[in-house]
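Asks: To start, I am sharing the structure in question, which I have written as structure tokens.
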Amino acid sequence: MKKVFNAALALFAISLPALAQAGMKDTAPAFEPTMNEVVVTATRSPENIRAIPAKVEVIDSREIKQTVGDTLTDQLKKNSSIGVIQYPGALSGIGIRGFRPEFSGITKHSLILINGRPAGATNLATILTDDVERIEILKGPASSLYGGEAMGGVVNIITKKHTGKLTGMAEAGAGSFKSNFQKAALGGALGKGFDFDIFARRFEQADDFRMGNGETRAHTTYQTRNGYFRLGSDLGQNWRLDASASLYQGRDIETPGDTFDGDDKSGHKDIDHYGLDLTVGGKLGNNNRLTVRTYKTNETSKSYKHYTGWSTPVQVTPYRSYDSDIDWLGIQLKDEYTWDIQRFIFGVDYQNIDKVSRSYNQDGTRKAPYSPDEGRENWAGYVETVWKLMDKRLTATAGGRYDSFDVKTKETPYKTDFTPNSATFSTFSPRAGLNYLFDGGIRLHSTIGKAFVPPTAAQLAGYSERVVGSVTMITRGNANLNPESSLTYDFGAGFERPKQGLAMDLTFFHTRVDDKITSVTSGNITTYVNSLSAKMEGLETNFSYDIGAPLDWNRSLTFFVNSTHMFKAEEEQADHTMKDIHNVAKYTIDYGVKYDDGMFDGKLQCRTQGKMKDTDWNAAGYPEVEYPSFTVADLMVGVNFLEHQRLTLKVGNLFDKYYYEKKGYPLPGRAVYVNYRYEF
């Protein structure tokens, strides 16, 4: 496969001059895509979504408003057929294109961005979508632009930015499980040359939720509050500055534990997350634009136990058992240079991550945490080229990124069973793509690219000891580890006829992961090696049909489907046999119907998830089990009245299905919410 990839890149490079010459000779008016939706994630610069080779999906502000659920995870799993793992107690993560969903740690296989910079959040339940303009989902490898963790894909959250006349809203609502919320927003121009956005929200679920089987799930109450502030200024005619700050606080978030243990292993936690951004950008000439961004984020989590012991837990007065602090600090510099048929995007990224862990005894005294403190520093440079050829019908992209990492484990208070260490490594990630637009709305697109995920600090530089009987067992990192690497190709066909209300796309993808990191034991020493592989293969489908368009209605009635079918999701075992990747469903299908006439709107949305495998950690021998498939439906009905007012009814899990995405952690049954909104 590497030979195929290298040959494809060589052929692409050889063909560019000829294609460019053909594009320059054509004197006919340039072909323009019929739809003008612009996205920024695929190339780190604005491009028409129909002209880019990469598979990109967009969840716009209307879809966000019509979807039941306030977190990023809710939006992704219900609108983009992405694999998720979600627990009661504000804990969730995602997996794209067959990668196992991940919800903790600073090293994942799917990357989350906010306005193009790393989100700085390990738990996606802390990312809410009230102040979001749209969500762009790039499915496929993107390490050529974004570096590590962008192996399965990238999710980029674009927040709202009001620069025109003053606008705002106030909203309040209540619903099942004694839920209530209040939120408000204001934004727009603030005198000459200044503009702003401010948003605040509070939510409380004061009662335990009821599951689909009619039983109440104890220890599931929680409270959250979040806010966002942005101040922007035009610095002369061609330059602009934006500064923003965001805050999330989760308080008394109860964690019920596995149903296998009943109510014996409950707890609660407090979560804080904040982000600070400063961005300056402007033109250096007619064809050149420079952007500099610096950011600082922090995620702090405090966990409390309500029990002691493990096999026979004893209820006690709740006590703090574990803390973690993770800091992200970064700088991004990007320079875009544009000619008539080509664009070059150059950039330099820097990021530093520090993670600190603390553990406590029941009496409040400190003890050694399970994992040592760690840090990761990353410098990278990238270039992306975009060519508009053959009367702008053909878009060709090619680029690559060089990443250098310095990873270390640090001296950790109370932890004496390891030796701090460090390791460095570097890697190069290329990607190329082609997209061709035919008359009649037909589109062909294809990409091929490499991606990587860096080893963790423990895998590279960790060291620990534990005594088992009379033997000292040692776990030691391997400074010579390579990153896990992947090669992915995809190709697809799209068809769009806006006047007929029809849009569809089919995309096939194939991914091979090499140098997967696994642990090996020899005698009393365990270490890590690059030795295993994985393969993922599947088909992504998008379809929507608005009956109102061909009938020339002044309203829309749209049927939609977004699905991912996995033909293969296997990973190699130590004996070199292949095994299904756990927590990856055979298929995930989001489908339904929505209506909008300007006054009334509604959406019936279903999500069907196929069977998937996992380990049963509560059974002897930890056998592999298969989860059942399920379908969950949501309903939203809204009415706009008296020009500025809106009343909305949302019903989650309409048919009261008992289901779970992780065995032992069922999710809520039917939940009804009503809210009133005033906006101007």
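Chains: A, B, ... in order of the structure tokens. Residues: from 1 per chain. Ligands: from 1, in order shown.
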Where does stretch 102-217 of chain A meet stretch 450-470 of chain A within 6 Å, residue by residue, with the nearest atom pair and distance in Å to one decimal for each, counting only C-alpha atoms, listed by chain and rising number, as CSV?

Replies:
residue,atom,partner,partner_atom,distance
A:Pro141,CA,A:Ala451,CA,5.6
A:Ser143,CA,A:Ala451,CA,4.8
A:Gly148,CA,A:Val453,CA,4.8
A:Glu149,CA,A:Val453,CA,5.0
A:Met151,CA,A:Ala451,CA,5.1

Asks: Just asking: which residues within stretch 406-582 of chain A are strand (DSSP E or B) according to DSSP, as JSON, numbers by chain?

Replies: {"A": [406, 407, 408, 409, 421, 422, 423, 424, 425, 426, 427, 428, 429, 430, 431, 432, 433, 434, 435, 436, 437, 442, 443, 444, 445, 446, 447, 448, 449, 450, 451, 452, 453, 463, 464, 465, 466, 467, 468, 471, 472, 473, 474, 475, 476, 484, 485, 486, 487, 488, 489, 490, 491, 492, 493, 494, 495, 496, 497, 502, 503, 504, 505, 506, 507, 508, 509, 510, 511, 512, 513, 514, 515, 516, 517, 518, 519, 520, 521, 522, 525, 526, 527, 528, 529, 530, 531, 532, 533, 534, 535, 536, 537, 538, 539, 540, 541, 542, 543, 544, 545, 546, 556, 557, 558, 559, 560, 561, 562, 563, 564, 565, 566, 567, 568, 569, 570, 571, 572, 578, 579, 580]}

Asks: Mind dumping the selected residues with C-alpha atoms as a tab-separated table (two decimals), in the first residue's frame?

Replies:
chain	number	residue	atom	x	y	z
A	406	ASP	CA	9.11	16.08	23.06
A	407	VAL	CA	7.22	13.86	25.53
A	408	LYS	CA	8.10	13.43	29.19
A	409	THR	CA	6.95	11.97	32.47
A	421	ASN	CA	12.09	10.28	31.74
A	422	SER	CA	11.67	11.91	28.33
A	423	ALA	CA	11.71	10.98	24.65
A	424	THR	CA	11.59	12.78	21.31
A	425	PHE	CA	10.37	11.78	17.88
A	426	SER	CA	9.27	13.34	14.58
A	427	THR	CA	7.08	12.35	11.64
A	428	PHE	CA	5.89	13.57	8.24
A	429	SER	CA	2.28	13.31	7.04
A	430	PRO	CA	1.31	13.89	3.36
A	431	ARG	CA	-2.16	14.05	1.78
A	432	ALA	CA	-3.54	14.65	-1.75
A	433	GLY	CA	-6.99	14.82	-3.31
A	434	LEU	CA	-8.97	15.43	-6.49
A	435	ASN	CA	-12.51	16.72	-6.99
A	436	TYR	CA	-14.28	17.12	-10.34
A	437	LEU	CA	-17.59	18.90	-10.95
A	442	ILE	CA	-22.57	15.35	-10.44
A	443	ARG	CA	-19.38	15.39	-8.39
A	444	LEU	CA	-16.53	12.89	-8.08
A	445	HIS	CA	-14.05	13.19	-5.21
A	446	SER	CA	-11.13	11.21	-3.79
A	447	THR	CA	-8.35	11.63	-1.22
A	448	ILE	CA	-5.37	9.64	-0.05
A	449	GLY	CA	-3.31	10.49	3.01
A	450	LYS	CA	-1.22	9.38	5.94
A	451	ALA	CA	-1.98	10.20	9.56
A	452	PHE	CA	-0.49	9.45	12.97
A	453	VAL	CA	-1.20	9.32	16.66
A	463	TYR	CA	8.60	3.55	34.62
A	464	SER	CA	6.85	1.86	37.54
A	465	GLU	CA	7.28	-1.05	39.93
A	466	ARG	CA	4.85	-3.21	41.87
A	467	VAL	CA	5.46	-6.22	44.09
A	468	VAL	CA	3.48	-9.38	43.32
A	471	VAL	CA	8.56	-10.72	42.56
A	472	THR	CA	8.99	-7.08	41.60
A	473	MET	CA	7.11	-6.46	38.36
A	474	ILE	CA	8.46	-3.59	36.26
A	475	THR	CA	6.66	-1.62	33.56
A	476	ARG	CA	9.04	0.44	31.45
A	484	GLU	CA	0.92	4.73	15.26
A	485	SER	CA	0.49	5.48	11.55
A	486	SER	CA	-2.33	5.02	9.06
A	487	LEU	CA	-2.87	5.17	5.33
A	488	THR	CA	-6.40	6.01	4.19
A	489	TYR	CA	-7.91	6.38	0.77
A	490	ASP	CA	-11.50	7.22	-0.06
A	491	PHE	CA	-13.47	7.91	-3.20
A	492	GLY	CA	-17.04	8.97	-3.69
A	493	ALA	CA	-19.70	10.44	-5.92
A	494	GLY	CA	-22.18	13.18	-5.15
A	495	PHE	CA	-25.25	14.52	-6.91
A	496	GLU	CA	-27.02	17.79	-6.18
A	497	ARG	CA	-29.99	19.47	-7.82
A	502	LEU	CA	-32.15	16.62	-4.08
A	503	ALA	CA	-28.68	16.04	-2.59
A	504	MET	CA	-26.79	12.79	-2.08
A	505	ASP	CA	-23.29	11.42	-1.67
A	506	LEU	CA	-21.75	7.95	-1.39
A	507	THR	CA	-18.17	7.65	-0.09
A	508	PHE	CA	-16.16	4.44	0.29
A	509	PHE	CA	-13.15	4.51	2.63
A	510	HIS	CA	-10.34	2.12	3.50
A	511	THR	CA	-7.86	2.59	6.35
A	512	ARG	CA	-4.90	0.49	7.39
A	513	VAL	CA	-3.19	1.27	10.69
A	514	ASP	CA	0.38	0.10	11.24
A	515	ASP	CA	2.77	0.25	14.19
A	516	LYS	CA	-0.06	-0.08	16.67
A	517	ILE	CA	1.38	0.08	20.16
A	518	THR	CA	0.90	-2.90	22.45
A	519	SER	CA	2.43	-4.15	25.69
A	520	VAL	CA	4.68	-7.22	25.84
A	521	THR	CA	5.99	-9.05	28.92
A	522	SER	CA	9.22	-10.97	29.26
A	525	ILE	CA	9.45	-6.72	32.71
A	526	THR	CA	6.62	-5.26	30.65
A	527	THR	CA	7.28	-2.72	27.92
A	528	TYR	CA	5.68	-1.37	24.75
A	529	VAL	CA	6.39	-2.17	21.10
A	530	ASN	CA	5.11	-1.26	17.63
A	531	SER	CA	3.89	-4.63	16.39
A	532	LEU	CA	0.22	-4.75	15.46
A	533	SER	CA	-2.10	-3.47	12.74
A	534	ALA	CA	-5.77	-2.70	12.13
A	535	LYS	CA	-8.06	-2.38	9.12
A	536	MET	CA	-11.24	-0.35	8.71
A	537	GLU	CA	-13.42	-0.23	5.65
A	538	GLY	CA	-16.88	1.16	5.09
A	539	LEU	CA	-19.41	3.24	3.19
A	540	GLU	CA	-20.77	6.66	4.18
A	541	THR	CA	-24.13	7.77	2.78
A	542	ASN	CA	-25.81	11.17	2.75
A	543	PHE	CA	-29.24	11.76	1.22
A	544	SER	CA	-31.82	14.53	1.49
A	545	TYR	CA	-34.89	15.35	-0.57
A	546	ASP	CA	-36.95	18.50	-0.07
A	556	SER	CA	-39.88	22.74	2.97
A	557	LEU	CA	-40.63	19.09	3.74
A	558	THR	CA	-37.33	17.21	3.76
A	559	PHE	CA	-36.53	13.52	4.13
A	560	PHE	CA	-32.93	12.81	5.14
A	561	VAL	CA	-30.51	9.95	5.81
A	562	ASN	CA	-26.92	10.02	7.07
A	563	SER	CA	-25.31	6.62	7.61
A	564	THR	CA	-22.04	4.80	8.12
A	565	HIS	CA	-21.84	1.07	7.33
A	566	MET	CA	-18.68	-0.71	8.47
A	567	PHE	CA	-17.68	-3.58	6.18
A	568	LYS	CA	-14.60	-4.22	8.29
A	569	ALA	CA	-13.27	-2.95	11.63
A	570	GLU	CA	-10.59	-5.37	12.82
A	571	GLU	CA	-7.41	-5.14	14.85
A	572	GLU	CA	-4.55	-7.58	15.08
A	578	MET	CA	-7.74	-10.41	13.57
A	579	LYS	CA	-10.53	-9.44	15.97
A	580	ASP	CA	-13.45	-6.98	15.72

Asks: If you run DSSP on the backbone, which residues of stretch 432-528 of chain A are alpha helix (DSSP H), as a list in words?

Replies: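 In stretch 432-528 of chain A, DSSP puts these residues in alpha helix (DSSP H): Ala457, Ala458, Gln459, Leu460 and Ala461 of chain A.
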
Asks: May I have the selected residues written with N, CA and C atoms, as a PDB file, in the first residue's frame?

Replies:
ATOM      1  N   ALA A 457       2.941   9.527  27.037  1.00  0.00           N
ATOM      2  CA  ALA A 457       4.139   9.706  27.851  1.00  0.00           C
ATOM      3  C   ALA A 457       4.504   8.416  28.572  1.00  0.00           C
ATOM      4  N   ALA A 458       3.507   7.688  29.083  1.00  0.00           N
ATOM      5  CA  ALA A 458       3.787   6.431  29.787  1.00  0.00           C
ATOM      6  C   ALA A 458       4.395   5.405  28.846  1.00  0.00           C
ATOM      7  N   GLN A 459       3.901   5.336  27.602  1.00  0.00           N
ATOM      8  CA  GLN A 459       4.442   4.374  26.647  1.00  0.00           C
ATOM      9  C   GLN A 459       5.862   4.714  26.233  1.00  0.00           C
ATOM     10  N   LEU A 460       6.179   6.005  26.157  1.00  0.00           N
ATOM     11  CA  LEU A 460       7.517   6.417  25.753  1.00  0.00           C
ATOM     12  C   LEU A 460       8.504   6.469  26.913  1.00  0.00           C
ATOM     13  N   ALA A 461       8.074   7.035  28.025  1.00  0.00           N
ATOM     14  CA  ALA A 461       9.038   7.378  29.071  1.00  0.00           C
ATOM     15  C   ALA A 461       8.608   6.961  30.466  1.00  0.00           C
TER      16      ALA A 461
END

Asks: Quick one: residues within 8 Å of A:Ser357, only C-alpha atoms, excluding same-chain residues fewer than 3 positions away - as a list in words?

Replies: Tyr322, Asp323, Ser324, Asp325, Pro369, Ser371, Pro372 and Asp373 of chain A

Asks: Name all residues at most 10 Å from A:Ile331 (count only C-alpha atoms; drop same-chain ones fewer than 6 positions away) and give them as a PyMOL selection string.

Replies: chain A and resi 117+277-279+292-296+348-352+379

Asks: Write out as a PyMOL selection string the residues lying within 12 Å of A:Leu138, counting only C-alpha atoms and excluding same-chain residues fewer than 4 positions away.

Replies: chain A and resi 39-44+49+52-59+76+80+82+96-97+110-113+142-143+145-146+150-157+447

Asks: Looking at A:Lys65, A:Arg240, A:Arg376, A:Lys161, which one is nearest to A:Met636, with distances taken over only C-alpha atoms?

Replies: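 Once distances to A:Met636 are computed over only C-alpha atoms, the minimum belongs to A:Lys65.
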
Asks: I want to know what sits within 8 Å of A:Glu626, based on only C-alpha atoms, with residues of the same chain fewer than 6 positions away left out; could you give that as number ranges by chain?

Replies: A: 611-614

Asks: Now that the selection is made, can you save its residues with N, CA and C atoms as an mmCIF file, in the first residue's frame?

Replies:
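Just written: result-v2.cif:
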data_model
loop_
_atom_site.group_PDB
_atom_site.id
_atom_site.type_symbol
_atom_site.label_atom_id
_atom_site.label_comp_id
_atom_site.auth_asym_id
_atom_site.auth_seq_id
_atom_site.Cartn_x
_atom_site.Cartn_y
_atom_site.Cartn_z
ATOM 1 N N LYS A 611 -25.313 -3.813 15.876
ATOM 2 C CA LYS A 611 -24.627 -4.566 16.921
ATOM 3 C C LYS A 611 -23.141 -4.210 16.966
ATOM 4 N N MET A 612 -22.562 -4.341 18.155
ATOM 5 C CA MET A 612 -21.126 -4.161 18.309
ATOM 6 C C MET A 612 -20.645 -4.996 19.474
ATOM 7 N N LYS A 613 -19.346 -5.233 19.522
ATOM 8 C CA LYS A 613 -18.769 -6.115 20.526
ATOM 9 C C LYS A 613 -18.023 -5.323 21.600
ATOM 10 N N ASP A 614 -17.918 -5.966 22.777
ATOM 11 C CA ASP A 614 -17.220 -5.352 23.902
ATOM 12 C C ASP A 614 -16.791 -6.465 24.856
#

Asks: Considering only C-alpha atoms, return as a PyMOL selection string whatever protein or nucleic-acid residues lie within 10 Å of A:Thr648, sequence-local ones (same chain, fewer than 2 positions apart) excluded.

Replies: chain A and resi 65-66+173+600-602+636-640+646+650+673-677

Asks: With N, CA and C atoms retained, export the selected residues as a short mmCIF file (atom, residue, chain, number, x, y, z; two decimals), in the first residue's frame.

Replies:
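Wrote result_30.cif, looks like this:
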data_model
loop_
_atom_site.label_atom_id
_atom_site.label_comp_id
_atom_site.auth_asym_id
_atom_site.auth_seq_id
_atom_site.Cartn_x
_atom_site.Cartn_y
_atom_site.Cartn_z
N LYS A 65 -30.35 23.74 16.50
CA LYS A 65 -31.53 24.18 17.25
C LYS A 65 -32.62 23.11 17.27
N GLN A 66 -32.72 22.32 16.20
CA GLN A 66 -33.78 21.32 16.09
C GLN A 66 -33.42 19.97 16.71
N GLY A 173 -36.66 27.29 30.00
CA GLY A 173 -37.41 26.08 29.76
C GLY A 173 -37.36 25.14 30.94
N PHE A 600 -44.11 27.54 11.53
CA PHE A 600 -44.03 26.25 12.20
C PHE A 600 -42.84 25.47 11.65
N ASP A 601 -42.17 24.76 12.52
CA ASP A 601 -41.14 23.83 12.07
C ASP A 601 -41.13 22.63 13.00
N GLY A 602 -40.66 21.51 12.48
CA GLY A 602 -40.62 20.29 13.27
C GLY A 602 -39.64 19.31 12.68
N MET A 636 -39.09 17.15 17.66
CA MET A 636 -39.04 18.58 17.96
C MET A 636 -40.16 19.28 17.19
N VAL A 637 -40.92 20.13 17.87
CA VAL A 637 -41.96 20.95 17.24
C VAL A 637 -41.80 22.37 17.76
N GLY A 638 -41.74 23.33 16.83
CA GLY A 638 -41.58 24.72 17.24
C GLY A 638 -42.54 25.63 16.51
N VAL A 639 -42.91 26.75 17.14
CA VAL A 639 -43.78 27.73 16.52
C VAL A 639 -43.24 29.13 16.82
N ASN A 640 -43.11 29.95 15.77
CA ASN A 640 -42.71 31.34 15.91
C ASN A 640 -43.96 32.21 15.87
N ARG A 646 -40.85 32.54 20.29
CA ARG A 646 -40.85 31.16 19.84
C ARG A 646 -41.12 30.23 21.02
N LYS A 650 -39.62 19.64 22.79
CA LYS A 650 -38.67 18.60 22.41
C LYS A 650 -38.93 17.35 23.24
N TYR A 673 -39.33 18.29 27.10
CA TYR A 673 -38.85 19.62 27.46
C TYR A 673 -39.63 20.68 26.69
N VAL A 674 -40.00 21.76 27.37
CA VAL A 674 -40.69 22.89 26.76
C VAL A 674 -39.90 24.15 27.06
N ASN A 675 -39.69 24.99 26.04
CA ASN A 675 -38.98 26.23 26.30
C ASN A 675 -39.57 27.39 25.50
N TYR A 676 -39.43 28.58 26.07
CA TYR A 676 -39.90 29.82 25.47
C TYR A 676 -38.69 30.70 25.18
N ARG A 677 -38.70 31.34 24.00
CA ARG A 677 -37.57 32.16 23.57
C ARG A 677 -38.07 33.49 23.02
#

Asks: Pick out the closest residue to A:Glu171 from this set: A:Gln645, A:Gln86, A:Ser45, A:Ser81. Count only C-alpha atoms.

Replies: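 That would be A:Gln645, the residue with the smallest distance to A:Glu171.
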
Asks: Measuring between only C-alpha atoms, which one of A:Thr73, A:Asn213, A:Ser233, A:Asn79 shows the shortest distance to A:Gly592?

Replies: A:Asn79

Asks: Work out how far atom CA of A:Leu128 is from atom CA of A:Tyr222, in Å to one decimal.

Replies: 14.9 Å

Asks: When distances are computed from only C-alpha atoms, which of A:Lys269, A:Ala119, A:Ile137, A:Tyr595 shows the smallest separation from A:Leu329?

Replies: A:Ala119
